Amino acid sequence: MRILFFAHLKTAANCAEAEIRIDGDIDAGQLWQHLLARFPELARYQRSVRFARNGTYAVAGTRFSDTDEVALIPPVSGG
Amino acid sequence: MRILFFAHLKTAANCAEAEIRIDGDIDAGQLWQHLLARFPELARYQRSVRFARNGTYAVAGTRFSDTDEVALIPPVSGG
Amino acid sequence: MIIEIAIVHAPIVANESLPPALAGTVGAVATFAGSVRGDEAGQPISALDYEAYQPMAEQTMRAIIEGLGQRHACLFVRIIHRIGTIPVGENAIHLLAAAVHRAEALDMIAAFMDRLKQDVPIWKVRALDLHGQILPPSS
Amino acid sequence: MIIEIAIVHAPIVANESLPPALAGTVGAVATFAGSVRGDEAGQPISALDYEAYQPMAEQTMRAIIEGLGQRHACLFVRIIHRIGTIPVGENAIHLLAAAVHRAEALDMIAAFMDRLKQDVPIWKVRALDLHGQILPPSS
């Protein structure tokens, strides 16, 4: 699974993209477990971050699998 | 007193401007009496027309005198 | 608040420039252009004729902007209204409002247009059909 | 509704042109430009750096416009968002909405900007001070 980091999450993760290995499909809570195991600095942003799966915001019940591109979207500030 | 007509009131009055002679100062009701005596075709527009005295909408209690410029303002449709 | 008001007879040239003193202070510029559409009350037209009580129209527009500026704090507002014969597709009005934040600029534009259509002595006096003949006004 | 969405790195060239097919149908064109102001959280700055998750940002802007179009029936909407380093006084975003009547165009602009600031993955990532040094972002 390809993970994308933006804005201050890049600094927290110390990278813009990462690959993580997922077996089967998992929910958002399980995805956070994977992410925090590898990027513990993300913990403080967890409450404010939304997942986007393949370019669309995840909703309750969204499942994530190894072929997905998942972006961590911190609060936006465009315009 | 100089009277100005706009839009369809020009057609009703058959002129764009007129002079009427006022003694002392009068209220809106008395001004209408003067106007309707000379321009009876205005009667059907009386309810929708506002007076402007010297470029400002008249309010309840506005008095009009012979040196004023009074415009008859039908419903506006700019923009 | 700097206010520029003009009533013109020629085609409106959209002027998006701001007073140079405002550079770096303005964060939001909203504009609105109202143009003549090709039908009036269901009939195809070629143009509308507008008329104004010009000094009062200018003064009323300024007073409206000053009043609205109490609630919608803008730095600069420009209004150009065209009168005379305006062909289909050309602008009858162009507004620009500049403010620090977007809400003030957008609200100024919307609120001004509502007030314009209530109180500013400008009228669509007649429509011209596709042969240039006068149609009765719809409003 | 015709929708044009672009995310650009170069200065935004305000493009007020409409699709020719809409001539005579459009009665109202509203625009909004948001520019970089010379201070950020009270500190003087020279520029802001913006970043986007570009494909998702474009797709999200399009989806927002399509959704809002159900309520605010517009004929044409153009959105240009600039990213990268944007100097003070230059535009970060430019919107244009064209409709038959003014309410739809004005409401589309205001509603889109609200949604942009909730859901479109674009970020002000840092401010540059007057010496070009990085200041921490305020938001």
# chains A, B, ... in the order shown; residues from 1 in each chain; ligands from 1
>>> interface_residues(of="chain C", to="chain A", cutoff="12 Å", atoms="only C-alpha atoms", output="NGL selection string")
:C and (27-28 or 101-102)
>>> select_by_dssp(residues="range 86-115 of chain C", states="alpha helix (DSSP H)", output="list in words")
Arg102, Ala103, Glu104, Ala105, Leu106, Asp107, Met108, Ile109, Ala110, Ala111, Phe112, Met113, Asp114 and Arg115 of chain C
>>> interface_residues(of="chain C", to="chain D", cutoff="9 Å", atoms="only C-alpha atoms", output="PyMOL selection string")
chain C and resi 23-39+88-91+100-103+105-107+109-110+113
>>> write_last_selection(atoms="N, CA, C and O atoms", output="compact mmCIF listing (two decimals), in the first residue's frame")
# COMPACT_ATOMS: atom_id res chain seq x y z
N ALA C 23 -2.20 47.24 -1.90
CA ALA C 23 -1.44 46.02 -2.20
C ALA C 23 -0.93 45.39 -0.91
O ALA C 23 -0.38 46.07 -0.05
N GLY C 24 -1.12 44.10 -0.76
CA GLY C 24 -0.67 43.39 0.43
C GLY C 24 -1.67 43.40 1.56
O GLY C 24 -1.57 42.59 2.47
N THR C 25 -2.64 44.33 1.51
CA THR C 25 -3.68 44.38 2.54
C THR C 25 -4.92 43.62 2.09
O THR C 25 -5.59 42.96 2.88
N VAL C 26 -5.23 43.74 0.81
CA VAL C 26 -6.40 43.06 0.26
C VAL C 26 -6.12 41.56 0.18
O VAL C 26 -5.09 41.14 -0.32
N GLY C 27 -7.06 40.77 0.69
CA GLY C 27 -6.94 39.32 0.56
C GLY C 27 -8.03 38.73 -0.31
O GLY C 27 -7.98 37.56 -0.67
N ALA C 28 -9.05 39.54 -0.65
CA ALA C 28 -10.21 39.01 -1.36
C ALA C 28 -10.78 40.07 -2.28
O ALA C 28 -11.03 41.20 -1.85
N VAL C 29 -10.97 39.70 -3.53
CA VAL C 29 -11.61 40.60 -4.49
C VAL C 29 -12.76 39.84 -5.13
O VAL C 29 -12.56 38.78 -5.75
N ALA C 30 -13.97 40.36 -4.96
CA ALA C 30 -15.15 39.76 -5.60
C ALA C 30 -15.65 40.71 -6.66
O ALA C 30 -15.61 41.93 -6.48
N THR C 31 -16.09 40.15 -7.78
CA THR C 31 -16.69 40.99 -8.81
C THR C 31 -18.02 40.39 -9.23
O THR C 31 -18.28 39.20 -9.04
N PHE C 32 -18.83 41.24 -9.81
CA PHE C 32 -20.09 40.78 -10.40
C PHE C 32 -20.34 41.58 -11.65
O PHE C 32 -20.19 42.80 -11.65
N ALA C 33 -20.71 40.88 -12.71
CA ALA C 33 -21.11 41.55 -13.95
C ALA C 33 -22.49 41.05 -14.33
O ALA C 33 -22.72 39.84 -14.37
N GLY C 34 -23.39 41.97 -14.57
CA GLY C 34 -24.74 41.62 -15.03
C GLY C 34 -24.86 42.03 -16.48
O GLY C 34 -24.57 43.18 -16.83
N SER C 35 -25.25 41.08 -17.33
CA SER C 35 -25.31 41.37 -18.76
C SER C 35 -26.72 41.18 -19.31
O SER C 35 -27.57 40.56 -18.66
N VAL C 36 -26.93 41.71 -20.48
CA VAL C 36 -28.25 41.64 -21.12
C VAL C 36 -28.39 40.26 -21.78
O VAL C 36 -27.55 39.86 -22.58
N ARG C 37 -29.47 39.56 -21.41
CA ARG C 37 -29.73 38.25 -21.99
C ARG C 37 -30.59 38.37 -23.25
O ARG C 37 -31.27 39.38 -23.45
N GLY C 38 -30.55 37.33 -24.05
CA GLY C 38 -31.16 37.39 -25.36
C GLY C 38 -32.66 37.20 -25.40
O GLY C 38 -33.25 37.09 -26.48
N ASP C 39 -33.29 37.14 -24.24
CA ASP C 39 -34.75 37.10 -24.25
C ASP C 39 -35.30 37.91 -23.10
O ASP C 39 -34.68 38.06 -22.05
N VAL C 88 -27.47 42.71 -26.45
CA VAL C 88 -27.42 41.39 -25.80
C VAL C 88 -25.97 40.94 -25.67
O VAL C 88 -25.17 41.09 -26.59
N GLY C 89 -25.63 40.40 -24.50
CA GLY C 89 -24.30 39.88 -24.26
C GLY C 89 -23.36 40.90 -23.64
O GLY C 89 -22.29 40.53 -23.16
N GLU C 90 -23.74 42.18 -23.68
CA GLU C 90 -22.87 43.21 -23.07
C GLU C 90 -23.33 43.51 -21.65
O GLU C 90 -24.48 43.27 -21.27
N ASN C 91 -22.40 44.03 -20.87
CA ASN C 91 -22.67 44.24 -19.44
C ASN C 91 -23.44 45.53 -19.18
O ASN C 91 -23.09 46.58 -19.72
N VAL C 100 -10.28 42.51 3.25
CA VAL C 100 -9.24 41.67 3.84
C VAL C 100 -9.63 40.20 3.69
O VAL C 100 -8.81 39.36 3.28
N HIS C 101 -10.87 39.88 4.02
CA HIS C 101 -11.34 38.49 3.97
C HIS C 101 -12.51 38.35 3.01
O HIS C 101 -13.20 39.31 2.70
N ARG C 102 -12.76 37.11 2.59
CA ARG C 102 -13.70 36.92 1.51
C ARG C 102 -15.14 37.24 1.86
O ARG C 102 -15.89 37.73 1.02
N ALA C 103 -15.56 36.97 3.09
CA ALA C 103 -16.98 37.13 3.42
C ALA C 103 -17.43 38.57 3.18
O ALA C 103 -18.51 38.80 2.62
N ALA C 105 -16.24 40.86 1.14
CA ALA C 105 -16.31 41.22 -0.28
C ALA C 105 -17.52 40.55 -0.95
O ALA C 105 -18.26 41.20 -1.70
N LEU C 106 -17.72 39.27 -0.66
CA LEU C 106 -18.84 38.56 -1.29
C LEU C 106 -20.18 39.08 -0.78
O LEU C 106 -21.13 39.26 -1.55
N ASP C 107 -20.26 39.35 0.52
CA ASP C 107 -21.52 39.84 1.08
C ASP C 107 -21.83 41.24 0.57
O ASP C 107 -23.00 41.59 0.35
N ILE C 109 -21.12 42.49 -2.37
CA ILE C 109 -21.65 42.37 -3.73
C ILE C 109 -23.11 41.93 -3.70
O ILE C 109 -23.97 42.52 -4.35
N ALA C 110 -23.39 40.88 -2.94
CA ALA C 110 -24.75 40.34 -2.93
C ALA C 110 -25.73 41.35 -2.33
O ALA C 110 -26.83 41.57 -2.86
N MET C 113 -26.38 44.37 -4.71
CA MET C 113 -27.27 44.06 -5.84
C MET C 113 -28.74 44.03 -5.39
O MET C 113 -29.63 44.47 -6.13
>>> residues_around(residues="Asp27 in chain B", least_positions_apart="4", cutoff="8 Å", atoms="only C-alpha atoms", output="MDAnalysis selection string")
chainID B and resid 31 61:64
>>> atom_distance(atom1="CA of Gly78 in chain B", atom2="CA of Lys124 in chain C")
6.4 Å
